[in-house]
>>> print(open('work33.txt').read())   # compact mmCIF, C-alpha atoms
# COMPACT_ATOMS: atom_id res chain seq x y z
CA MET A 72 144.53 80.97 77.69
CA ILE A 73 140.87 81.75 78.24
CA SER A 74 139.98 85.42 78.45
CA LYS A 75 137.85 86.84 81.23
CA ARG A 76 135.06 87.57 78.81
CA LYS A 77 134.83 83.93 77.79
CA ILE A 78 134.72 82.76 81.42
CA VAL A 79 131.81 85.10 82.11
CA LEU A 80 129.95 84.01 78.97
CA ILE A 81 130.47 80.31 79.68
CA SER A 82 129.31 80.64 83.30
CA ILE A 83 126.18 82.54 82.19
CA LEU A 84 125.51 79.77 79.66
CA ILE A 85 125.92 77.02 82.29
CA LEU A 86 123.71 78.91 84.73
CA SER A 87 120.97 79.36 82.15
CA ILE A 88 121.04 75.68 81.18
CA VAL A 89 120.84 74.64 84.84
CA GLY A 90 118.12 77.20 85.45
CA ILE A 91 116.01 76.08 82.52
CA ILE A 92 116.37 72.38 83.42
CA GLY A 93 115.53 73.16 87.04
CA SER A 94 112.53 75.31 86.18
CA PRO A 95 109.11 74.14 87.36
CA ILE A 96 108.05 73.52 83.77
CA LEU A 97 110.68 70.79 83.29
CA SER A 98 111.96 69.05 86.42
CA GLY A 99 111.42 71.63 89.11
CA PHE A 100 114.34 70.84 91.42
CA LEU A 101 115.36 74.50 91.50
CA GLY A 102 111.97 76.11 91.16
CA SER A 103 111.15 78.74 93.69
CA PRO A 104 107.50 78.75 94.70
CA MET A 105 105.28 81.46 93.31
CA ALA A 106 105.29 83.87 96.22
CA HIS A 107 102.02 84.98 97.70
CA ILE A 108 100.76 88.20 96.10
CA SER A 109 98.84 90.50 98.40
CA ILE A 110 97.77 94.02 97.47
CA PRO A 111 97.40 95.42 101.01
CA ALA A 112 100.53 95.38 103.18
CA GLU A 113 100.49 92.63 105.77
CA PRO A 114 100.47 93.50 109.48
CA LEU A 115 103.43 92.04 111.37
CA LEU A 116 102.01 92.11 114.88
CA LYS A 117 98.94 90.21 116.01
CA HIS A 118 97.44 93.21 117.76
CA SER A 119 97.34 96.73 116.48
CA LEU A 120 99.29 99.32 118.46
CA PHE A 121 97.17 101.76 120.49
CA GLY A 122 94.12 99.99 119.12
CA ILE A 123 94.14 101.77 115.77
CA TRP A 124 97.48 101.43 114.13
CA ASN A 125 98.86 98.31 112.46
CA LEU A 126 102.60 97.89 112.14
CA THR A 127 102.87 96.61 108.56
CA ASN A 128 105.91 95.35 106.75
CA SER A 129 105.97 98.35 104.41
CA ILE A 130 106.00 100.75 107.37
CA LEU A 131 108.99 98.87 108.77
CA VAL A 132 110.85 99.37 105.49
CA THR A 133 109.84 103.04 105.40
CA TRP A 134 111.45 103.48 108.82
CA ILE A 135 114.59 101.67 107.70
CA VAL A 136 114.86 103.95 104.66
CA ILE A 137 114.31 107.08 106.78
CA ILE A 138 116.99 106.01 109.27
CA MET A 139 119.43 105.20 106.46
CA LEU A 140 118.87 108.54 104.75
CA THR A 141 119.29 110.37 108.06
CA ILE A 142 122.59 108.62 108.71
CA VAL A 143 123.79 109.36 105.17
CA SER A 144 122.91 113.03 105.38
CA VAL A 145 124.40 113.50 108.86
CA TYR A 146 127.57 111.64 107.91
CA GLY A 147 127.79 113.36 104.53
CA THR A 148 127.51 116.90 105.84
CA ARG A 149 129.55 116.52 109.03
CA ASN A 150 132.85 117.80 107.72
CA LEU A 151 132.36 119.57 104.44
CA LYS A 152 135.55 120.51 102.63
CA GLU A 153 136.46 123.12 100.02
CA THR A 154 137.86 120.38 97.79
CA PRO A 155 135.26 117.65 98.18
CA GLY A 156 136.03 113.99 98.62
CA ARG A 157 134.27 111.26 96.68
CA PHE A 158 131.23 110.99 98.92
CA GLN A 159 130.73 114.74 99.15
CA CYS A 160 131.09 114.94 95.36
CA LEU A 161 128.32 112.40 94.88
CA LEU A 162 125.92 114.25 97.17
CA GLU A 163 126.83 117.61 95.65
CA SER A 164 126.27 116.40 92.11
CA ILE A 165 122.75 115.18 92.96
CA ILE A 166 121.87 118.46 94.63
CA GLU A 167 123.41 120.61 91.90
CA TYR A 168 121.49 118.73 89.22
CA PHE A 169 118.21 119.45 90.99
CA VAL A 170 119.11 123.07 91.72
CA ALA A 171 119.69 123.61 87.99
CA LEU A 172 116.45 121.80 87.15
CA ALA A 173 114.39 123.74 89.70
CA GLU A 174 115.72 127.09 88.47
CA ASP A 175 115.17 126.03 84.87
CA ILE A 176 111.50 125.07 85.33
CA GLY A 177 110.44 127.11 88.35
CA GLY A 178 112.19 130.37 87.44
CA LYS A 179 112.80 132.73 90.36
CA ASN A 180 110.59 130.60 92.62
CA GLY A 181 112.57 127.47 91.82
CA ARG A 182 114.77 127.44 94.91
CA LYS A 183 111.69 127.54 97.14
CA PHE A 184 110.42 124.23 95.75
CA LEU A 185 113.79 122.51 96.00
CA PRO A 186 113.56 121.00 99.53
CA LEU A 187 110.29 119.21 98.81
CA ILE A 188 111.12 117.84 95.37
CA LEU A 189 114.59 116.72 96.43
CA THR A 190 113.16 114.95 99.49
CA ILE A 191 110.53 113.23 97.36
CA PHE A 192 113.12 112.13 94.83
CA ILE A 193 115.65 110.79 97.33
CA PHE A 194 113.07 109.01 99.49
CA ILE A 195 111.34 107.33 96.56
CA VAL A 196 114.52 106.27 94.81
CA ALA A 197 116.02 104.88 98.03
CA SER A 198 112.92 102.89 98.92
CA ASN A 199 112.55 101.58 95.35
CA TRP A 200 116.13 100.40 95.17
CA ILE A 201 116.12 98.88 98.64
CA GLY A 202 113.02 96.90 97.63
CA ILE A 203 114.84 94.75 95.07
CA LEU A 204 117.46 93.49 97.51
CA PRO A 205 117.32 89.76 98.22
CA GLY A 206 115.33 88.94 101.33
CA PHE A 207 112.38 91.17 100.48
CA GLY A 208 109.34 88.95 100.30
CA THR A 209 111.22 85.71 100.90
CA ILE A 210 112.09 86.00 104.59
CA GLY A 211 109.18 86.36 106.91
CA ILE A 212 107.27 85.57 110.02
CA PHE A 213 105.81 82.07 110.05
CA GLU A 214 102.09 81.90 110.58
CA PRO A 215 100.95 78.35 111.51
CA ALA A 216 98.27 76.76 109.38
CA LYS A 217 95.71 76.65 112.21
CA ASP A 218 95.86 80.40 112.83
CA TYR A 219 95.75 81.14 109.12
CA ILE A 220 92.71 78.93 108.46
CA HIS A 221 90.96 80.40 111.50
CA HIS A 222 91.67 83.90 110.21
CA LYS A 223 90.30 83.02 106.77
CA GLU A 224 87.18 81.53 108.32
CA GLU A 225 86.56 84.73 110.27
CA ILE A 226 86.79 86.79 107.11
CA ALA A 227 84.45 84.43 105.28
CA GLU A 228 81.99 84.60 108.16
CA LYS A 229 81.93 88.38 108.02
CA ALA A 230 81.14 88.22 104.30
CA GLN A 231 78.53 85.56 105.09
CA GLU A 232 80.08 82.94 102.86
CA LYS A 233 81.30 79.45 103.44
CA LEU A 234 85.05 78.96 103.32
CA ASP A 235 86.23 76.50 100.68
CA LEU A 236 89.15 74.74 102.35
CA LYS A 237 90.53 73.58 99.02
CA SER A 238 91.07 77.17 97.90
CA VAL A 239 93.26 77.99 100.91
CA LYS A 240 96.87 77.42 99.90
CA LEU A 241 99.55 76.56 102.43
CA HIS A 242 103.26 75.87 102.14
CA ILE A 243 105.42 73.30 103.90
CA TYR A 244 108.49 74.66 105.68
CA GLU A 245 111.35 73.05 107.52
CA GLY A 246 112.71 73.83 110.97
CA ASN A 247 111.03 75.72 113.76
CA GLY A 248 111.04 79.20 115.29
CA PHE A 249 109.00 82.20 114.34
CA LEU A 250 110.95 83.07 111.20
CA ALA A 251 110.71 81.14 107.95
CA ILE A 252 112.32 81.38 104.54
CA LEU A 253 111.16 80.29 101.11
CA PRO A 254 113.68 77.60 100.19
CA LEU A 255 115.08 76.93 96.72
CA GLY A 256 113.46 74.03 94.93
CA SER A 257 110.35 74.07 97.03
CA VAL A 258 107.90 74.41 94.19
CA ASN A 259 106.10 71.17 95.05
CA ASN A 260 105.66 72.11 98.68
CA GLU A 261 102.23 73.60 98.26
CA ILE A 262 99.26 71.89 99.85
CA ASP A 263 95.73 73.09 100.39
CA ALA A 264 94.03 73.34 103.74
CA HIS A 265 91.69 70.43 102.97
CA THR A 266 94.59 67.98 102.54
CA TYR A 267 96.31 69.44 105.58
CA GLU A 268 93.35 68.84 107.87
CA HIS A 269 92.87 65.25 106.70
CA HIS A 270 96.39 63.96 106.16
CA GLY A 271 98.62 66.33 108.12
CA VAL A 272 102.22 67.06 107.16
CA PRO A 273 105.38 64.88 107.16
CA LYS A 274 107.38 64.60 110.36
CA ASN A 275 109.78 67.44 111.27
CA LYS A 276 107.99 69.74 108.85
CA ARG A 277 105.33 72.35 109.40
CA ALA A 278 102.64 73.88 107.26
CA GLY A 279 101.64 77.49 107.22
CA VAL A 280 102.08 80.73 105.37
CA LEU A 281 104.83 83.30 105.27
CA ILE A 282 104.17 86.91 106.17
CA PRO A 283 107.07 88.79 104.54
CA LEU A 284 109.07 90.76 107.07
CA LEU A 285 110.17 93.32 104.52
CA ARG A 286 108.19 94.80 101.67
CA SER A 287 109.17 97.66 99.40
CA ALA A 288 107.60 100.85 100.78
CA ASN A 289 106.00 101.96 97.53
CA THR A 290 104.18 98.67 96.96
CA ASP A 291 101.84 99.85 99.69
CA ILE A 292 99.26 102.26 98.32
CA ASN A 293 99.19 104.19 101.60
CA THR A 294 102.79 105.34 101.18
CA THR A 295 102.31 106.68 97.68
CA LEU A 296 98.99 108.30 98.60
CA ALA A 297 100.66 110.02 101.56
CA ILE A 298 103.45 111.43 99.40
CA ALA A 299 100.93 112.57 96.76
CA ILE A 300 98.76 114.33 99.35
CA VAL A 301 101.75 116.08 100.92
CA ALA A 302 102.91 117.21 97.47
CA MET A 303 99.47 118.56 96.48
CA ILE A 304 98.97 120.37 99.82
CA MET A 305 102.35 122.05 99.48
CA ILE A 306 101.61 123.03 95.86
CA HIS A 307 98.40 124.78 96.91
CA TRP A 308 100.08 126.34 99.95
CA TRP A 309 102.69 127.88 97.67
CA GLY A 310 99.95 129.03 95.30
CA LEU A 311 98.05 130.69 98.15
CA ARG A 312 101.17 132.38 99.50
CA GLN A 313 102.29 133.65 96.11
CA LEU A 314 99.00 134.86 94.64
CA GLY A 315 96.84 135.44 97.70
CA ALA A 316 93.73 133.49 98.60
CA ARG A 317 91.32 135.31 96.27
CA LYS A 318 93.42 135.03 93.17
CA HIS A 319 94.39 131.43 93.79
CA LEU A 320 90.86 130.22 94.53
CA SER A 321 89.43 132.15 91.58
CA LYS A 322 91.24 129.68 89.35
CA PHE A 323 88.74 127.06 90.51
CA PHE A 324 85.58 128.97 91.50
CA THR A 325 84.83 131.89 89.25
CA PHE A 326 81.79 133.60 87.74
CA LYS A 327 83.79 135.88 85.49
CA GLY A 328 83.26 133.97 82.27
CA GLY A 329 79.56 133.34 82.94
CA ILE A 330 78.31 129.79 83.04
CA VAL A 331 81.07 128.50 80.76
CA GLY A 332 83.75 130.03 82.95
CA PHE A 333 82.18 128.45 86.02
CA PHE A 334 82.29 124.99 84.51
CA VAL A 335 85.84 125.48 83.26
CA GLY A 336 86.84 126.35 86.82
CA LEU A 337 84.99 123.30 88.12
CA ILE A 338 86.81 121.04 85.68
CA GLU A 339 90.08 122.60 86.83
CA ALA A 340 89.19 121.78 90.44
CA ILE A 341 88.34 118.17 89.56
CA SER A 342 91.59 117.79 87.66
CA GLU A 343 93.47 118.79 90.83
CA ILE A 344 91.89 115.84 92.63
CA ALA A 345 92.61 113.59 89.67
CA ARG A 346 96.26 114.56 89.95
CA VAL A 347 96.47 113.07 93.44
CA ILE A 348 94.99 109.80 92.16
CA SER A 349 97.26 109.70 89.15
CA PHE A 350 100.35 110.44 91.30
CA THR A 351 99.35 107.62 93.64
CA PHE A 352 98.62 104.97 91.08
CA ARG A 353 101.53 105.76 88.78
CA LEU A 354 104.11 105.10 91.48
CA PHE A 355 102.23 102.27 93.20
CA GLY A 356 101.42 100.50 89.92
CA ASN A 357 104.93 100.68 88.56
CA ILE A 358 106.66 99.39 91.66
CA PHE A 359 104.03 96.77 92.52
CA ALA A 360 103.99 95.48 88.94
CA GLY A 361 107.78 95.32 89.08
CA GLU A 362 107.66 93.14 92.19
CA VAL A 363 105.16 90.80 90.57
CA LEU A 364 107.26 90.68 87.41
CA LEU A 365 110.37 89.72 89.40
CA MET A 366 108.44 87.03 91.29
CA THR A 367 107.05 85.56 88.09
CA MET A 368 110.44 85.53 86.41
CA ALA A 369 112.11 83.92 89.42
CA PHE A 370 109.35 81.31 89.28
CA LEU A 371 109.62 80.60 85.53
CA ILE A 372 113.40 80.48 85.06
CA PRO A 373 115.32 80.13 88.34
CA LEU A 374 118.78 81.74 88.77
CA VAL A 375 119.01 83.61 85.45
CA GLY A 376 115.53 84.70 84.41
CA ILE A 377 115.50 87.50 86.93
CA ILE A 378 118.82 89.18 86.00
CA PRO A 379 117.73 91.43 83.07
CA PHE A 380 114.60 92.42 84.97
CA LEU A 381 116.63 93.50 87.99
CA GLY A 382 118.31 96.03 85.69
CA LEU A 383 114.91 97.12 84.40
CA GLU A 384 113.63 97.58 87.95
CA LEU A 385 116.62 99.76 88.88
CA PHE A 386 115.82 101.93 85.87
CA VAL A 387 112.08 102.07 86.57
CA GLY A 388 112.68 102.94 90.23
CA LEU A 389 114.89 105.87 89.27
CA ILE A 390 112.61 107.13 86.48
CA GLN A 391 109.46 106.99 88.59
CA ALA A 392 111.11 108.92 91.43
CA PHE A 393 112.33 111.49 88.91
CA ILE A 394 108.86 111.82 87.35
CA PHE A 395 107.23 112.30 90.74
CA ALA A 396 109.69 115.08 91.60
CA ILE A 397 109.49 116.77 88.18
CA LEU A 398 105.68 116.73 88.11
CA THR A 399 105.54 118.25 91.60
CA LEU A 400 107.89 120.96 90.38
CA VAL A 401 105.87 121.64 87.22
CA PHE A 402 102.54 121.76 89.08
CA ALA A 403 104.04 124.03 91.73
CA SER A 404 105.39 126.45 89.16
CA THR A 405 102.03 126.61 87.35
CA ALA A 406 100.20 127.10 90.66
CA THR A 407 102.39 130.09 91.57
CA SER A 408 102.12 131.81 88.18
CA ASP A 409 99.03 133.92 87.42
CA GLU A 410 98.33 133.36 83.76
CA HIS A 411 94.62 132.70 84.18
CA MET B 200 78.54 91.80 97.70
CA GLU B 201 78.58 88.76 95.51
CA SER B 202 82.04 87.87 94.29
CA LEU B 203 82.72 86.79 90.75
CA SER B 204 83.76 83.28 89.82
CA GLY B 205 87.30 82.47 88.76
CA ASP B 206 86.81 82.09 85.00
CA ILE B 207 85.02 85.39 84.52
CA LYS B 208 87.67 87.14 86.62
CA THR B 209 90.49 85.79 84.51
CA ILE B 210 88.79 86.85 81.28
CA GLY B 211 88.04 90.28 82.68
CA ALA B 212 91.63 90.82 83.83
CA GLY B 213 92.95 89.69 80.45
CA ILE B 214 90.67 92.03 78.54
CA ALA B 215 91.45 94.95 80.86
CA MET B 216 95.18 94.51 80.44
CA GLY B 217 95.07 93.78 76.71
CA LEU B 218 92.91 96.74 75.73
CA GLY B 219 94.63 98.97 78.27
CA ALA B 220 98.04 98.26 76.78
CA LEU B 221 96.88 99.10 73.25
CA GLY B 222 96.82 102.88 73.59
CA PRO B 223 100.09 103.28 75.50
CA ALA B 224 101.83 100.96 73.03
CA LEU B 225 100.78 103.16 70.10
CA GLY B 226 101.72 106.27 72.07
CA ILE B 227 105.18 105.00 72.94
CA GLY B 228 105.73 103.94 69.34
CA ILE B 229 104.84 107.39 68.02
CA LEU B 230 106.98 109.07 70.69
CA ALA B 231 110.04 106.98 69.94
CA ALA B 232 109.61 107.40 66.18
CA LYS B 233 109.43 111.19 66.48
CA ALA B 234 112.40 111.25 68.83
CA MET B 235 114.50 109.16 66.43
CA GLU B 236 113.48 111.42 63.58
CA SER B 237 114.54 114.54 65.44
CA ILE B 238 117.83 112.96 66.56
CA GLY B 239 118.50 112.19 62.91
CA ARG B 240 117.82 115.79 61.95
CA ASN B 241 119.71 117.33 64.81
CA PRO B 242 122.27 114.91 66.26
CA GLU B 243 123.78 117.54 68.62
CA ALA B 244 120.55 117.64 70.65
CA ALA B 245 120.50 113.86 71.12
CA GLY B 246 121.04 114.06 74.89
CA ALA B 247 118.21 116.48 75.59
CA ILE B 248 115.86 114.68 73.21
CA ARG B 249 116.57 111.33 74.83
CA GLN B 250 115.91 112.67 78.32
CA ASN B 251 112.59 114.21 77.32
CA MET B 252 111.64 111.10 75.37
CA ILE B 253 112.15 108.88 78.41
CA LEU B 254 110.07 111.23 80.54
CA ALA B 255 107.24 111.28 78.00
CA ILE B 256 107.37 107.51 77.56
CA ALA B 257 106.98 107.12 81.30
CA PHE B 258 103.79 109.19 81.12
CA ALA B 259 102.38 107.02 78.35
CA GLU B 260 103.46 103.90 80.18
CA ALA B 261 101.64 105.02 83.32
CA VAL B 262 98.33 104.52 81.49
CA ALA B 263 99.21 100.89 80.87
CA ILE B 264 100.14 100.62 84.54
CA TYR B 265 96.64 101.83 85.49
CA ALA B 266 95.23 98.99 83.39
CA LEU B 267 97.58 96.61 85.17
CA VAL B 268 96.41 97.82 88.58
CA VAL B 269 92.81 97.30 87.49
CA ALA B 270 93.66 93.80 86.30
CA PHE B 271 95.31 93.01 89.66
CA LEU B 272 92.30 94.38 91.50
CA ILE B 273 89.95 92.23 89.42
CA ILE B 274 91.95 89.08 90.14
CA PHE B 275 92.84 89.57 93.80
CA VAL B 276 90.20 91.84 95.28
CA ALA B 277 86.92 91.67 93.34
>>> encode(input="work33.txt", output="structure tokens")
Amino acid sequence: MISKRKIVLISILILSIVGIIGSPILSGFLGSPMAHISIPAEPLLKHSLFGIWNLTNSILVTWIVIIMLTIVSVYGTRNLKETPGRFQCLLESIIEYFVALAEDIGGKNGRKFLPLILTIFIFIVASNWIGILPGFGTIGIFEPAKDYIHHKEEIAEKAQEKLDLKSVKLHIYEGNGFLAILPLGSVNNEIDAHTYEHHGVPKNKRAGVLIPLLRSANTDINTTLAIAIVAMIMIHWWGLRQLGARKHLSKFFTFKGGIVGFFVGLIEAISEIARVISFTFRLFGNIFAGEVLLMTMAFLIPLVGIIPFLGLELFVGLIQAFIFAILTLVFASTATSDEH
Amino acid sequence: MESLSGDIKTIGAGIAMGLGALGPALGIGILAAKAMESIGRNPEAAGAIRQNMILAIAFAEAVAIYALVVAFLIIFVA
């Protein structure tokens, strides 16, 4: 009689052996290709909407998250009961935790800050967790090699350089249609544009690049910057409302303490701007680095290498959302108190 | 703007990440050591100490993440 525990252990062992043998370092029959890393989010449509606005893959995911959260909140609050069910209990426990936290840190003003910090927390944690689902980064729109090379040449022309065709990397995909997927064991499918133009690709195959259809919202620096700016504007709005314009602004521009006081105020003002930058890069860096870490691990040890890091990413996603919310709360409560 | 060649970029990214991780590593070590010490002294407060420790570690870790972002920028953008 084999216990359940043993079955699990043995299957993990078998999977790791298969994964290590199939890794690109040894034989490479399972190796997933190292996915393309791009810091800006990729536009999905060829032309920008209304001439100014690109629909990028991270915006698409932001919309999906917003729609999901709307559905959850509408469904969750539709028939509230005195003795809550499971789902209502879950939602209530999240809200109660933050109510206690806001009143603990913010004092009598705490409840006022609650809507913003709770929204920030729930949005960030939902978009972080949705970003580690399978399909993010691996399913995408197929861009044919010709278009891609042409695009690269245009960029090189603008920078007044000559494009080195050997440095342009392409992948070989099967099938046709406008969608493509990164297949398992396709680590040797990479060719450069130089080889492509001279030798072509095998029959029934096509060369090109993949533009991921979905990309975690916080791996786009615009998303995190937007949240940070909204948070900082609201913090100062609360400060102005609570203390009045003169008192609030005198924290930053003051002649009371002579020349030293003026510079102290100036440093205070600069640190407010630095807070926006630090908010932005903390969240962006953590989530983006997590994506790259997962990609690298999936590349090095297929099947099993990624499993512990998925747990780590769940944890990091939660902690970063929590930190963003807590810091907003702390800054807001210092902005509304007049200690200076 | 003249772009850097591949070798220099790789060295630069390595140095940025290596030196940038030094400070946060020390900071996280000190934080964890102090937290363990205080849990040992006052085991009833373990929950609260752990929560605050994780929060503070995330702050220290963010500095390493800045270095990582710089390293990425050097490799992919510069």
>>> residues_around(input="work33.txt", residues="B:Val276", least_positions_apart="6", cutoff="10 Å", atoms="all atoms listed in the file", output="PyMOL selection string")
(chain A and resi 109-111) or (chain B and resi 202+269-270)
>>> closest_atom_pairs(input="work33.txt", of="chain A", to="chain B", cutoff="9 Å", atoms="all atoms listed in the file", output="JSON lines")
{"residue": "A:Ile108", "atom": "CA", "partner": "B:Phe275", "partner_atom": "CA", "distance": 8.4}
{"residue": "A:Ser109", "atom": "CA", "partner": "B:Phe275", "partner_atom": "CA", "distance": 7.6}
{"residue": "A:Ile110", "atom": "CA", "partner": "B:Phe275", "partner_atom": "CA", "distance": 7.6}
{"residue": "A:Ala230", "atom": "CA", "partner": "B:Met200", "partner_atom": "CA", "distance": 7.9}
{"residue": "A:Ser349", "atom": "CA", "partner": "B:Ala261", "partner_atom": "CA", "distance": 8.7}
{"residue": "A:Phe352", "atom": "CA", "partner": "B:Tyr265", "partner_atom": "CA", "distance": 6.7}
{"residue": "A:Arg353", "atom": "CA", "partner": "B:Ala261", "partner_atom": "CA", "distance": 5.5}
{"residue": "A:Leu354", "atom": "CA", "partner": "B:Ala261", "partner_atom": "CA", "distance": 8.5}
{"residue": "A:Phe355", "atom": "CA", "partner": "B:Val268", "partner_atom": "CA", "distance": 8.7}
{"residue": "A:Gly356", "atom": "CA", "partner": "B:Ile264", "partner_atom": "CA", "distance": 5.5}
{"residue": "A:Asn357", "atom": "CA", "partner": "B:Ile264", "partner_atom": "CA", "distance": 6.3}
{"residue": "A:Phe359", "atom": "CA", "partner": "B:Val268", "partner_atom": "CA", "distance": 8.6}
{"residue": "A:Ala360", "atom": "CA", "partner": "B:Leu267", "partner_atom": "CA", "distance": 7.5}
{"residue": "A:Val387", "atom": "CA", "partner": "B:Ala257", "partner_atom": "CA", "distance": 8.9}
{"residue": "A:Ile390", "atom": "CA", "partner": "B:Ala257", "partner_atom": "CA", "distance": 7.7}
{"residue": "A:Gln391", "atom": "CA", "partner": "B:Ala257", "partner_atom": "CA", "distance": 7.7}
{"residue": "A:Phe393", "atom": "CA", "partner": "B:Leu254", "partner_atom": "CA", "distance": 8.7}
{"residue": "A:Ile394", "atom": "CA", "partner": "B:Leu254", "partner_atom": "CA", "distance": 6.9}
>>> atom_distance(input="work33.txt", atom1="atom CA of A:Leu140", atom2="atom CA of A:Trp200")
12.9 Å
>>> atom_distance(input="work33.txt", atom1="atom CA of A:Thr367", atom2="atom CA of A:His107")
10.9 Å
>>> atom_distance(input="work33.txt", atom1="atom CA of A:Thr405", atom2="atom CA of A:Tyr168")
21.1 Å
>>> closest_residue(input="work33.txt", among="B:Gly205, B:Gly213, B:Ile238, B:Gly219", to="B:Gln250", atoms="all atoms listed in the file")
B:Ile238
>>> residues_around(input="work33.txt", residues="stretch 262-272 of chain A", least_positions_apart="2", cutoff="8 Å", atoms="all atoms listed in the file", output="PyMOL selection string")
chain A and resi 216+220+236-243+260+274+276-278
>>> closest_residue(input="work33.txt", among="B:Met216, B:Ile210, B:Ala259, B:Ala244", to="B:Ala231", atoms="only C-alpha atoms")
B:Ala259
>>> closest_residue(input="work33.txt", among="A:Leu285, A:Leu365, A:Leu162, A:Ala403", to="A:Thr127", atoms="only C-alpha atoms")
A:Leu285
>>> closest_residue(input="work33.txt", among="B:Arg249, B:Ile273, B:Leu225, B:Ala212", to="B:Ser237", atoms="all atoms listed in the file")
B:Arg249
>>> residues_around(input="work33.txt", residues="A:Glu163", least_positions_apart="6", cutoff="12 Å", atoms="all atoms listed in the file", output="PyMOL selection string")
chain A and resi 144+147-148+151-157+169-170
>>> write_last_selection(input="work33.txt", atoms="C-alpha atoms", output="short mmCIF file (atom, residue, chain, number, x, y, z; two decimals), keeping the file's coordinate frame")
data_model
loop_
_atom_site.label_atom_id
_atom_site.label_comp_id
_atom_site.auth_asym_id
_atom_site.auth_seq_id
_atom_site.Cartn_x
_atom_site.Cartn_y
_atom_site.Cartn_z
CA SER A 144 122.91 113.03 105.38
CA GLY A 147 127.79 113.36 104.53
CA THR A 148 127.51 116.90 105.84
CA LEU A 151 132.36 119.57 104.44
CA LYS A 152 135.55 120.51 102.63
CA GLU A 153 136.46 123.12 100.02
CA THR A 154 137.86 120.38 97.79
CA PRO A 155 135.26 117.65 98.18
CA GLY A 156 136.03 113.99 98.62
CA ARG A 157 134.27 111.26 96.68
CA PHE A 169 118.21 119.45 90.99
CA VAL A 170 119.11 123.07 91.72
#
>>> residues_around(input="work33.txt", residues="A:Ala297", least_positions_apart="2", cutoff="12 Å", atoms="all atoms listed in the file", output="ChimeraX atom specification")
/A:191,288-289,291-295,299-304,347-348,350-352,354-355
>>> closest_residue(input="work33.txt", among="A:Ile135, A:Leu115, A:Gly376, A:Thr290", to="A:Gly93", atoms="only C-alpha atoms")
A:Gly376
>>> residues_near_point(input="work33.txt", point="(88.9, 127.3, 89.0)", cutoff="12 Å", atoms="all atoms listed in the file", output="PyMOL selection string")
chain A and resi 317-328+331-343+406+411
>>> axis_aligned_box(input="work33.txt", around="stretch 383-395 of chain A", padding_each_side="8 Å", output="lines of an AutoDock Vina configuration file")
center_x = 111.9
center_y = 104.7
center_z = 87.9
size_x = 25.4
size_y = 31.2
size_z = 23.0
